[in-house]
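Just below is one structure, and these are the notes that go with it.
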Amino acid sequence: MTVGKDVSALFPDVVNCMQTDNLELKKLVYLYLMNYAKSQPDMAIMAVNTFVKDCEDPNPLIRALAVRTMGCIRVDKITEYLCEPLRKCLKDEDPYVRKTAAVCVAKLHDINAQLVEDQGFLDTLKDLISDSNPMVVANAVAALSEIAESHPSSNLLDLNPQSINKLLTALNECTEWGQIFILDCLANYMPKDDREAQSICERVTPRLSHANSAVVLSAVKVLMKFMEMLSKDLDYYGTLLKKLAPPLVTLLSAEPELQYVALRNINLIVQKRPEILKHEMKVFFVKYNDPIYVKLEKLDIMIRLASQANIAQVLAELKEYATEVDVDFVRKAVRAIGRCAIKVEQSAERCVSTLLDLIQTKVNYVVQEAIVVIKDIFRKYPNKYESVIATLCENLDSLDEPEARAAMIWIVGEYAERIDNADELLESFLEGFHDESTQVQLQLLTAIVKLFLKKPTETQELVQQVLSLATQDSDNPDLRDRGYIYWRLLSTDPVAAKEVVLAEKPLISEETDLIEPTLLDELICYIGTLASVYHKPPSAFVEGSRGVVHKSLPPRTGSSESAESPEAAPSAGQAAEQPAVIPAQGDLLGDLLNLDLGPPVSGPPLAASSVQMGAVDLLGGGLDSLMGDESEGMGGSGFTAPGPAAPAGMGAPLGSGLGDLFDLTGGVGTLSGSYVAPKTVWLPAMKAKGLEISGTFSRQVDSISMDLVLTNKALQVMSDFAIQFNRNSFGLAPAAPLQVHAPLAPNQSVEISLPLNTVGSVMKMDPLNNLQVAVKNNIDVFYFSTLYPLHILFVEDGKMERQMFLATWKDIPNENEAQFQIKDCSLNADAVSSKLQGSNIFTIAKRNVEGQDMLYQSLKLTNGIWVLAELRIQPSNPSFTLSLKCRAPEVSQYVYQAYDAILKN
Amino acid sequence: MKMIHSLFLINCSGDIFLEKHWKSVVSQSVCDYFFEAQEKAVDVENVPPVISTPHHYLISIYRDKIFFVSVIQTEVPPLFVIEFLHRVADTFQDYFGECSETAIKDNVVIVYELLEEMLDNGFPLATESNILKELIKPPTILRSVVNSITGSSNVGDTLPTGQLSNIPWRRAGVKYTNNEAYFDVIEEIDAIIDKSGSTVFAEIQGVIDSCIKLSGMPDLSLSFMNPRLLDDVSFHPCIRFKRWESERVLSFIPPDGNFRLISYRVSSQNLVAIPVYVKHLISFKENSSSGRFDVTIGPKQNMGKTVEGVVMTVHMPKAVLNMNLTATQGSYTFDPVTKVLTWDVGKITPQKLPNLKGIVNLQSGAPKPEENPSLNIQFKIQQLAISGLKVNRLDMYGEKYKPFKGVKYITKAGKFQVRT
């Protein structure tokens with residue numbers, strides 16, 4: 001305001017003007033003070049008296065102005081004098097003063113947090129949430145949110161249904177900015193059940209019609225988050241979905257800056273709930289004078305919304321865009337055509353022909369982009385569109401970008417046997433080998449080795465040339481290493497080389513740029529914020545993010561057991577570790593007591609199991625990564641093939657705490673529970689001083705339990721029961737203490753269902769499914785061991801993607817395959833399949849080969865191990881053939897036993 | 001929250017001509033990141049609205065040739081900031097008649113008073129123009145003369161009444177001798193028409209702008225003949241949402257003066273009539289430095305109303321040197337620097353369709369342009385809301401007098417593009 005001049009020297013003179021009745025002059029003096037008080041702290045004290053006096057002025061405007069200005073003067077000495085006037089102003093009769101004072105608490109907290117706490121301002125602020133004036137409520141919420149940000153752990157905004165109700169009432173009446181504060185605050189609330197969530201949603205929905213786009217987006221955030229709790233069958237759920245679409249579309253008619261932020265958020269929403277905008281494709285069509293940042297975002301969303309129903313329209317648009325002026329945009333449009341082909345299988349042919357049309361335009365960058373995406377299409381649909389290779393080869397000379405060159409070389413190498421002059425083509429690239437980028441060099445090396453393996457006679461010279469270029473004349477370690485590997489492979493075992501280099505590649509997945517589901521869920525909680533613009537959680541970029549609290553979507557109601565699993569399970573596990581049971585006894589099972597000595601295994605189950613299955617897994621993993629590197633390398637960086645190691649590795653995050661999110665889709669239909677064997681006697685009475693235990697194991701959605709019958713066959717009353725397991729192969733452990741409520745009288749028996757979890761300590765047992773149990777009562781401690789059927793460990797999300805299945809099946813070495821006969825079973829294939837499904841063995845595909853039914857099935861164990869099965873059923877023959885493949889072949893036998901038991905009962 | 005730390009106003013030549021800090025001072029050098037992005041974007045419109053720098057985030061809008069660049073430090077809703085910045089620009093427009101560098105510099109004291117009043121420590125304080133005008137009087141020539149003679153100020157010394165009431169958008173004690181309420185129903189057609197003349201995408205963006213000069217606390221209700229058209233609506237906060245939900249009537253106590261009552265969107269394709277059609281032939285010959293250009297515009301379903309104010313603009317490809325055209329109606333200009341062809345057609349009479357045709361001269365030796373220029377069409381139709389929306393009646397409660405009422409309809413082209 002002073003045009004950069006320092007006018008602090010005038011401080012005393014200005015302060016003298018402070019005691020004026022002229023409001024404008026007063027305001028200007030205050031403005032001056034805010035700017036210069038810091039440079040003249042001693043002088044600033046002179047102003048304090050006037051401030052204090054102004055805080056008692058009859059005019060509320062002046063009272064508010066004074067308290068507002070004081071908060072902006074960041075001088076410690078002044079802060080002390082601020083407390084009393086502030087306290088008065090917080091209780092002022094005038095709401096305008098109160099709302100200003102509420103903000104002042106936040107300012108003061110920023111200067112001196114301790115002071116604010118000591119003076120009890122935080123409590124006063126909390127009281128203001130119940131204020132009668134909605135603006136005061138809004139500002140109090142805003143101030144509390146700001147303070148809470150610097151104290152993530154403090155429970156400042158302790159929301160309960162009553163305070164939520166007050167906020168919702170204030171929401172209707174306060175200003176647009178206040179509405180944003182309140183909505184953002186509501187979004188942090190966790191409703192206790194779906195009814196509460198619905199009633200909040202109902203009261204928030206009118207905000208979607210607000211003219212202020214920030215209000216709209218904050219309301220969308222609240223709704224998206226609480227929707228998670230509503231059951232999809234609810235009528236209201238459908239209504240809500242319908243209501244969300246129009247406001248989102250309306251945001252796109254606003255100014256371009258708003259559009260941009262809206263589009264970034266819509267991108268998230270479309271990934272989370274595509275159904276909301278699936279009919280609104282057209283609003284994302286690009287206008288030629290949209291700013292580039294809007295164009296690129298629209299394009300991205302168009303691809304996400306592309307489906308069989310609208311693909312024709314989308315392709316027509318994309319083709320149009322590919323002739324636009326802006327190079328970046330054109331490139332992205334061409335790439336988008338390729339992504340459509342990969343996403344919507346039915347459109348692949350049309351996409352390919354569109355790409356060919358574009359190649360005919362001979363516009364350099366269009367051709368290059370087209371070749372890069374065609375390579376991806378080849379990897380998605382092998383042996384389908386290779387007829388276009390000839391056209392591609394015509395454009396070889398115009399390629400000057402590394403990515404396009406690498407893609408072209410990959411194509412030539414991959415289909416060397418169909419290209420007559422493949423050797424000449426590759427040789428032509430070889431001339432300038434050292435001038436190429438690393439990407440192209442690596443690709444060229446691989447392609448020539450492929451060519452050699454396919455046509456060994458004519459290309460011996462070429463391969464030697466490239467190997468020597470790569471190993472001897474190159475400074476790049478990656479290139480050298482790859483060269484040496486090939487060299488050795490070729491010289492020691494050409495057959496193995498063929499298997500490695502020409503191995504069938506896994507198909508690329510449909511969408512490579514989807515945001516990872518857990519991150520997506522977190523980002524949904526941050527709709528409307530910077531995080532949603534950057535598509536990163538705030539912890540990843542906010543400066544000095546003082547321990548940002550990770551937000552997560554609420555779990556869907558009705559799955560309470562899965563909701564508690566992340567927290568409850570580990571703590572139960574710890575409880576079980578405490579030696580609550582037995583005094584020492586020199587016994588085989590002494591191990592039980594040593595639980596504390598062993599390393600506490602409380603991580604994800606996979607970590608534990610890898611210790612046990614270690615030998616096999618490690619080897620497998622190592623080999624996989626080598627192969628993975630190979631196939632990755634061939635594809636260039638553009639491919640994000642599902643790594644071959646993924647199926648084994650993926651189990652862990654899916655199976656453990658995060659599983660509940662995925663269960664929404666996976667676990668709904670299988671409430672029936674799996675097969676339960678009849679109870680057998682585990683501990684006869686004569687071995688246990690009159691206590692007889694019989695039992696069995698069962699599995700209901702996501703929970704395993706041990707169903708026990710305790711019978712007292714002794715003459716005295718039994719009480720004080722407790723149970724403990726020894727370490728076992730899958731970490732089974734009681735999830736709760738054994739509860740026998742009343743003492744067990746003689747000749748009485750009691751049925752108990754003991755919930756189990758799989759987070760206990762792991763030790764490999766023989767047989768694998770052996771479980772050693774100790775039971776204690778007031779008489780003594782007894783030990784027994786039992787075998788549990790493996791299917792209680794089959795988890796609900798054990799259904800593998802078809803392609804993943806194919807890839808994994810091929811990927812597991814043949815020596816891991818085990819064959820079994822299931823005899824005397826007279827079910828047909830469909831009955832088998834549905835019966836097994838009940839126990840979480842999922843049929844992925846069914847094929848009929850020469851009158852035999854082949855079922856392809858997958859299942860996953862609680863520790864993340866996948867088992868793939870092929871079940872052959874001949875209509876006339878009562879015995880089935882079961883082939884099992886698993887990275888940990890030890891489990892196969894027990895899986896077979898489970899199959900046998902399920903099918904025969 | 002501490003939403004906006006600082007605000008910089010930057011003109012097109014890259015001068016920071018105003019800065020305001022709400023907390024501590026942030027050095028001007030933070031704007032260097034903005035200039036960098038601006039340079040990269042080439043076109044001013046293409047500067048990304050959110051830029052991250054090592055210690056701050058810059059959120060900017062571009063309005064009336066001025067960049068409003070705000071500096072923020074913590075996680076905030078960017079829409080919040082962008083909406084606020086637009087509100088600041090609106091306020092300047094409202095106070096000074098224009099939102100330009102000169103106007104802002106001429107009224108620098110008022111600008112600072114306004115900014116101080118609009119935002120307190122990152123919390124928006126008063127953004128309603130009604131309230132601001134009570135706190136800070138807008139400048140008029142008369143007042144500045146009076147002020148300089150009497151020494152009185154243009155800062156109000158009473159608390160704006162709206163701040164306390166549940167209707168913060170209206171001030172109390174409004175008095176007019178002529179009580180009037182005018183509504184303008186303005187509809188803009190956004191459309192993309194493809195080469196063959198079929199509609200790829202069309203929707204209507206409608207608004208109802210109001211000018212209400214009524215004394216006291218009038219309670220208005222506005223009803224429509226066909227409210228079903230309005231299923232995607234954004235409301236001014238004054239509108240009672242419940243009444244709309246249940247009765248489809250807009251019931252409200254209006255702010256004083258000019259404001260936007262609602263904005264709405266009509267998207268279902270069959271409701272959006274396209275009032276003009278364009279026949280076009282733009283072609284460039286291979287290996288020759290010329291091309292043909294022939295465009296005719298004609299009226300289509302316009303319910304008997306005249307299409308007027310027709311202007312066509314075309315961004316011709318870079319290789320175009322100049323254009324030699326004849327227009328049967330109106331006049332055309334071609335700017336050889338920006339390559340923009342503008343044809344001011346005026347009114348379309350169906351008897352004699354306006355046509356513009358002739359030769360396009362290309363740079364010799366340049367390859368044949370690949371891209372096909374899109375035609376951007378503007379037009380206006382008076383006394384027609386193309387969606388068919390009609391106001392039924394306006395009733396007033398709460399006050400005794402009889403106001404003068406009026407409704408005006410107009411249809412315009414929004415982003416109306418014809419691909420060739």
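The way I read the labels, and the way they are meant: chains A, B, ... in the order of the structure tokens, residue 1 as the first residue of every chain, and ligand 1 as the first ligand shown, with later ones counted on from there.
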
List every residue of chain A that has an atom at most 6 Å from any atom of chain B, and for each one report the closest atom pair and its distance in Å to one decimal, counting only C-alpha atoms, with rows sorted by chain and then by increasing residue number, as a Markdown table.
```
| residue | atom | partner | partner_atom | distance |
| --- | --- | --- | --- | --- |
| A:Glu24 | CA | B:Val155 | CA | 5.3 |
| A:Leu61 | CA | B:Leu159 | CA | 5.4 |
| A:Glu146 | CA | B:Met1 | CA | 5.3 |
| A:Ser209 | CA | B:Ser234 | CA | 4.3 |
| A:His210 | CA | B:Ser234 | CA | 5.0 |
| A:Ala211 | CA | B:Ser234 | CA | 4.8 |
| A:Ala214 | CA | B:Leu79 | CA | 4.9 |
| A:Pro246 | CA | B:Asp232 | CA | 5.7 |
| A:Glu257 | CA | B:Pro49 | CA | 5.6 |
| A:Pro291 | CA | B:Asn46 | CA | 5.1 |
| A:Ile292 | CA | B:Asn46 | CA | 5.9 |
| A:Thr323 | CA | B:Glu371 | CA | 5.0 |
| A:Glu324 | CA | B:Glu371 | CA | 5.4 |
| A:Gly528 | CA | B:Pro77 | CA | 5.2 |
| A:Thr529 | CA | B:Pro77 | CA | 3.9 |
| A:Leu530 | CA | B:Glu75 | CA | 5.9 |
```

Write a file of the just-selected residues containing N, CA and C atoms, as a compact mmCIF listing (two decimals), in the first residue's frame.
```txt
# COMPACT_ATOMS: atom_id res chain seq x y z
N GLU A 24 -12.85 5.83 9.34
CA GLU A 24 -11.94 5.53 8.24
C GLU A 24 -10.50 5.71 8.68
N LEU A 61 -19.20 -2.39 15.80
CA LEU A 61 -18.27 -2.39 14.69
C LEU A 61 -16.86 -2.10 15.18
N GLU A 146 -9.02 -25.07 12.30
CA GLU A 146 -7.66 -24.59 12.08
C GLU A 146 -6.76 -24.99 13.25
N SER A 209 -27.31 -27.39 -4.80
CA SER A 209 -27.86 -26.38 -5.69
C SER A 209 -27.32 -24.99 -5.38
N HIS A 210 -26.27 -24.92 -4.62
CA HIS A 210 -25.74 -23.61 -4.28
C HIS A 210 -24.98 -23.01 -5.44
N ALA A 211 -25.02 -21.67 -5.52
CA ALA A 211 -24.34 -21.01 -6.63
C ALA A 211 -22.82 -21.03 -6.46
N ALA A 214 -17.57 -23.95 -4.53
CA ALA A 214 -16.84 -24.57 -3.42
C ALA A 214 -17.82 -25.22 -2.45
N PRO A 246 -26.05 -33.81 -11.79
CA PRO A 246 -26.22 -32.45 -12.32
C PRO A 246 -25.27 -31.41 -11.73
N GLU A 257 -10.81 -21.85 -14.53
CA GLU A 257 -10.05 -22.27 -13.33
C GLU A 257 -10.88 -23.22 -12.48
N PRO A 291 -8.93 -23.87 -22.40
CA PRO A 291 -7.50 -23.84 -22.09
C PRO A 291 -6.95 -25.26 -22.10
N ILE A 292 -5.68 -25.38 -22.41
CA ILE A 292 -5.08 -26.70 -22.57
C ILE A 292 -5.24 -27.56 -21.33
N THR A 323 -6.71 -34.06 -35.06
CA THR A 323 -6.33 -33.12 -36.13
C THR A 323 -6.25 -31.70 -35.61
N GLU A 324 -6.26 -31.54 -34.30
CA GLU A 324 -6.20 -30.18 -33.77
C GLU A 324 -4.81 -29.58 -33.87
N GLY A 528 -12.12 -31.73 -3.17
CA GLY A 528 -12.21 -30.29 -3.05
C GLY A 528 -10.95 -29.64 -2.52
N THR A 529 -9.99 -30.43 -2.05
CA THR A 529 -8.79 -29.82 -1.50
C THR A 529 -7.65 -29.93 -2.50
N LEU A 530 -6.51 -29.39 -2.11
CA LEU A 530 -5.35 -29.46 -2.98
C LEU A 530 -4.98 -30.90 -3.29
```

**Asked** Skipping near chain neighbours, those fewer than 4 positions away, what residues fall within 9 Å of Glu188 (chain B) using only C-alpha atoms, listed as a ChimeraX atom specification?
**Response** /B:203-207,386,410-415

Please, could you write that set of residues out with all heavy atoms as a PDB file, in the first residue's frame?
```
ATOM      1  N   GLU B 203     -26.186 -27.786 -25.199  1.00  0.00           N
ATOM      2  CA  GLU B 203     -26.917 -27.560 -23.968  1.00  0.00           C
ATOM      3  C   GLU B 203     -27.149 -26.070 -23.783  1.00  0.00           C
ATOM      4  O   GLU B 203     -26.501 -25.245 -24.420  1.00  0.00           O
ATOM      5  CB  GLU B 203     -26.199 -28.159 -22.755  1.00  0.00           C
ATOM      6  CG  GLU B 203     -24.900 -27.518 -22.408  1.00  0.00           C
ATOM      7  CD  GLU B 203     -24.288 -28.116 -21.139  1.00  0.00           C
ATOM      8  OE1 GLU B 203     -24.616 -29.268 -20.799  1.00  0.00           O
ATOM      9  OE2 GLU B 203     -23.491 -27.422 -20.508  1.00  0.00           O
ATOM     10  N   ILE B 204     -28.105 -25.773 -22.921  1.00  0.00           N
ATOM     11  CA  ILE B 204     -28.421 -24.371 -22.670  1.00  0.00           C
ATOM     12  C   ILE B 204     -27.958 -24.019 -21.267  1.00  0.00           C
ATOM     13  O   ILE B 204     -28.264 -24.729 -20.313  1.00  0.00           O
ATOM     14  CB  ILE B 204     -29.941 -24.146 -22.790  1.00  0.00           C
ATOM     15  CG1 ILE B 204     -30.393 -24.449 -24.209  1.00  0.00           C
ATOM     16  CG2 ILE B 204     -30.296 -22.724 -22.401  1.00  0.00           C
ATOM     17  CD1 ILE B 204     -31.895 -24.516 -24.344  1.00  0.00           C
ATOM     18  N   GLN B 205     -27.192 -22.951 -21.164  1.00  0.00           N
ATOM     19  CA  GLN B 205     -26.823 -22.410 -19.864  1.00  0.00           C
ATOM     20  C   GLN B 205     -27.694 -21.193 -19.639  1.00  0.00           C
ATOM     21  O   GLN B 205     -27.544 -20.207 -20.348  1.00  0.00           O
ATOM     22  CB  GLN B 205     -25.354 -21.980 -19.844  1.00  0.00           C
ATOM     23  CG  GLN B 205     -24.363 -23.066 -20.152  1.00  0.00           C
ATOM     24  CD  GLN B 205     -24.224 -24.052 -19.019  1.00  0.00           C
ATOM     25  OE1 GLN B 205     -24.752 -23.839 -17.923  1.00  0.00           O
ATOM     26  NE2 GLN B 205     -23.544 -25.153 -19.291  1.00  0.00           N
ATOM     27  N   GLY B 206     -28.607 -21.292 -18.719  1.00  0.00           N
ATOM     28  CA  GLY B 206     -29.505 -20.165 -18.515  1.00  0.00           C
ATOM     29  C   GLY B 206     -29.247 -19.484 -17.188  1.00  0.00           C
ATOM     30  O   GLY B 206     -28.761 -20.112 -16.241  1.00  0.00           O
ATOM     31  N   VAL B 207     -29.548 -18.190 -17.124  1.00  0.00           N
ATOM     32  CA  VAL B 207     -29.497 -17.488 -15.841  1.00  0.00           C
ATOM     33  C   VAL B 207     -30.699 -16.560 -15.765  1.00  0.00           C
ATOM     34  O   VAL B 207     -31.237 -16.151 -16.792  1.00  0.00           O
ATOM     35  CB  VAL B 207     -28.215 -16.632 -15.672  1.00  0.00           C
ATOM     36  CG1 VAL B 207     -26.993 -17.504 -15.658  1.00  0.00           C
ATOM     37  CG2 VAL B 207     -28.106 -15.581 -16.750  1.00  0.00           C
ATOM     38  N   ILE B 386     -34.820 -19.837 -25.560  1.00  0.00           N
ATOM     39  CA  ILE B 386     -34.861 -20.948 -26.499  1.00  0.00           C
ATOM     40  C   ILE B 386     -35.325 -22.249 -25.858  1.00  0.00           C
ATOM     41  O   ILE B 386     -35.877 -23.122 -26.506  1.00  0.00           O
ATOM     42  CB  ILE B 386     -33.490 -21.104 -27.201  1.00  0.00           C
ATOM     43  CG1 ILE B 386     -33.590 -21.949 -28.462  1.00  0.00           C
ATOM     44  CG2 ILE B 386     -32.468 -21.681 -26.268  1.00  0.00           C
ATOM     45  CD1 ILE B 386     -33.676 -21.147 -29.703  1.00  0.00           C
ATOM     46  N   ILE B 410     -33.880 -13.262 -23.533  1.00  0.00           N
ATOM     47  CA  ILE B 410     -32.908 -13.140 -24.614  1.00  0.00           C
ATOM     48  C   ILE B 410     -32.145 -14.461 -24.750  1.00  0.00           C
ATOM     49  O   ILE B 410     -31.861 -15.136 -23.747  1.00  0.00           O
ATOM     50  CB  ILE B 410     -31.948 -11.948 -24.374  1.00  0.00           C
ATOM     51  CG1 ILE B 410     -31.047 -11.737 -25.577  1.00  0.00           C
ATOM     52  CG2 ILE B 410     -31.111 -12.159 -23.139  1.00  0.00           C
ATOM     53  CD1 ILE B 410     -30.359 -10.403 -25.575  1.00  0.00           C
ATOM     54  N   THR B 411     -31.871 -14.837 -25.983  1.00  0.00           N
ATOM     55  CA  THR B 411     -31.082 -16.036 -26.238  1.00  0.00           C
ATOM     56  C   THR B 411     -29.809 -15.617 -26.959  1.00  0.00           C
ATOM     57  O   THR B 411     -29.851 -14.773 -27.849  1.00  0.00           O
ATOM     58  CB  THR B 411     -31.872 -17.028 -27.104  1.00  0.00           C
ATOM     59  OG1 THR B 411     -33.007 -17.458 -26.371  1.00  0.00           O
ATOM     60  CG2 THR B 411     -31.022 -18.227 -27.481  1.00  0.00           C
ATOM     61  N   LYS B 412     -28.705 -16.195 -26.556  1.00  0.00           N
ATOM     62  CA  LYS B 412     -27.417 -15.856 -27.154  1.00  0.00           C
ATOM     63  C   LYS B 412     -26.650 -17.134 -27.463  1.00  0.00           C
ATOM     64  O   LYS B 412     -26.967 -18.198 -26.931  1.00  0.00           O
ATOM     65  CB  LYS B 412     -26.572 -15.058 -26.147  1.00  0.00           C
ATOM     66  CG  LYS B 412     -27.060 -13.684 -25.850  1.00  0.00           C
ATOM     67  CD  LYS B 412     -25.946 -12.902 -25.196  1.00  0.00           C
ATOM     68  CE  LYS B 412     -26.256 -12.706 -23.723  1.00  0.00           C
ATOM     69  NZ  LYS B 412     -25.279 -11.855 -23.051  1.00  0.00           N
ATOM     70  N   ALA B 413     -25.642 -16.976 -28.288  1.00  0.00           N
ATOM     71  CA  ALA B 413     -24.739 -18.103 -28.479  1.00  0.00           C
ATOM     72  C   ALA B 413     -23.739 -18.089 -27.342  1.00  0.00           C
ATOM     73  O   ALA B 413     -23.221 -17.045 -26.981  1.00  0.00           O
ATOM     74  CB  ALA B 413     -24.020 -17.987 -29.805  1.00  0.00           C
ATOM     75  N   GLY B 414     -23.483 -19.235 -26.759  1.00  0.00           N
ATOM     76  CA  GLY B 414     -22.431 -19.334 -25.753  1.00  0.00           C
ATOM     77  C   GLY B 414     -21.164 -19.776 -26.453  1.00  0.00           C
ATOM     78  O   GLY B 414     -20.618 -19.064 -27.283  1.00  0.00           O
ATOM     79  N   LYS B 415     -20.709 -20.974 -26.111  1.00  0.00           N
ATOM     80  CA  LYS B 415     -19.572 -21.537 -26.853  1.00  0.00           C
ATOM     81  C   LYS B 415     -20.160 -22.338 -27.998  1.00  0.00           C
ATOM     82  O   LYS B 415     -20.447 -23.519 -27.852  1.00  0.00           O
ATOM     83  CB  LYS B 415     -18.744 -22.426 -25.936  1.00  0.00           C
ATOM     84  CG  LYS B 415     -18.048 -21.643 -24.858  1.00  0.00           C
ATOM     85  CD  LYS B 415     -17.412 -22.571 -23.859  1.00  0.00           C
ATOM     86  CE  LYS B 415     -16.813 -21.778 -22.709  1.00  0.00           C
ATOM     87  NZ  LYS B 415     -16.733 -22.594 -21.503  1.00  0.00           N
TER      88      LYS B 415
END
```

**Item:** Spatial neighbours of Tyr32 (chain A), 12 Å, only C-alpha atoms, chain gap at least 4 places, as a ChimeraX atom specification
**Value:** /A:1-2,6-15,17-18,25-28,36-40,44,47,69,72-73 /B:112-113,116

**Request:** Assign secondary structure with DSSP using the backbone only, and return the residues of region 216-275 of chain B in strand (DSSP E or B) as a ChimeraX atom specification.
**Result:** /B:219-224,233-235,239,249-252,257-266
